[in-house]
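Working notes, beginning with the structure itself.
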Amino acid sequence: MGFFVGAALALSVGLSATFLGLDRSRAFYPTVMIVIASTYGLFAVMGGSMQVLGLESIAIVAFLAASIAGFKRSLWMIVAALAAHGVYDFVHGQLIANRGVPVWWPAFCSAYDVVAAAYLAWLLSRSKVRAAAT
């Protein structure tokens with residue numbers, strides 16, 4: 001169920017952003033990536049562990065850096081970051097024991113990430129969104 005909802009939500013958000021013109025700004029998908037990366041920090045706070053928050057912050061900073069680099073250089077880097085986060089969702093539980101993460105979250109988030117990456121890649125390949133900063 002988590003996979004289906006995550007995929008459907010990512011497609012809905014992407015299509016809505018395109019229809020409404022929200023993704024005309026190159027900042028849209030990097031901002032989405034930053035929000036996605038931040039959620040494990042929220043789960044660490046919900047789980048009540050500052051130690052886990054510290055561990056989660058390492059990945060958050062890495063994805064934040066990728067988001068900034070992608071915004072500054074090319075949105076193709078955001079495609080890669082979204083896809084990488086989708087993989088990260090699958091291995092996260094083996095890397096960090098975060099009690100605040102809901103059981104359904106890895107499936108939901110990985111599906112969201114991969115579909116969002118695919119949608120952005122489609123937009124970029126069709127020149128619907130400008131890949132490089134000017």
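In the structure tokens, chains take letters A, B, ... by order of appearance, with residues numbered from 1 within each chain and ligands from 1 in the order shown.
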
Each range 42-104 of chain A residue no farther than 10 Å from range 14-37 of chain A, nearest pair in Å, only C-alpha atoms, as a Markdown table:
```
| residue | atom | partner | partner_atom | distance |
| --- | --- | --- | --- | --- |
| A:Leu42 | CA | A:Ala37 | CA | 9.9 |
| A:Glu56 | CA | A:Ala37 | CA | 9.3 |
| A:Ser57 | CA | A:Ala37 | CA | 9.3 |
| A:Ala59 | CA | A:Ala37 | CA | 7.6 |
| A:Ile60 | CA | A:Ala37 | CA | 5.3 |
| A:Val61 | CA | A:Ala37 | CA | 8.4 |
| A:Ala62 | CA | A:Ala37 | CA | 8.9 |
| A:Phe63 | CA | A:Ala37 | CA | 6.1 |
| A:Leu64 | CA | A:Ile34 | CA | 5.7 |
| A:Ala65 | CA | A:Ile34 | CA | 9.2 |
| A:Ala66 | CA | A:Pro30 | CA | 8.6 |
| A:Ser67 | CA | A:Pro30 | CA | 5.0 |
| A:Ile68 | CA | A:Pro30 | CA | 7.0 |
| A:Ala69 | CA | A:Pro30 | CA | 9.1 |
| A:Gly70 | CA | A:Pro30 | CA | 7.0 |
| A:Phe71 | CA | A:Pro30 | CA | 6.1 |
| A:Lys72 | CA | A:Arg26 | CA | 9.4 |
| A:Ser74 | CA | A:Arg26 | CA | 9.3 |
| A:Leu75 | CA | A:Arg26 | CA | 7.6 |
| A:Met77 | CA | A:Pro30 | CA | 9.3 |
| A:Ile78 | CA | A:Pro30 | CA | 6.3 |
| A:Val79 | CA | A:Tyr29 | CA | 8.8 |
| A:Ala81 | CA | A:Met33 | CA | 7.6 |
| A:Leu82 | CA | A:Met33 | CA | 6.6 |
| A:His85 | CA | A:Ala37 | CA | 7.7 |
```

Identify, on the basis of only C-alpha atoms, every residue whose closest approach to Asn98 in chain A does not exceed 7 Å; exclude the query and any residue fewer than 3 positions from it along the same chain; express the result as a PyMOL selection string.
chain A and resi 44+47+52+101

Among chain A, which ones does DSSP place in helix (DSSP H, G or I), written as a PyMOL selection string?
chain A and resi 2-20+22-24+28-47+50-72+76-95+105-125

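Across the model, the gap from CA of Ser125 in chain A to CA of Asp89 in chain A is 25.9 Å.
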
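The smallest atom-to-atom distance between Val103 in chain A and any of A:Phe43, A:Ala132, A:Tyr88, A:Ala7, using only C-alpha atoms, is found for A:Phe43.
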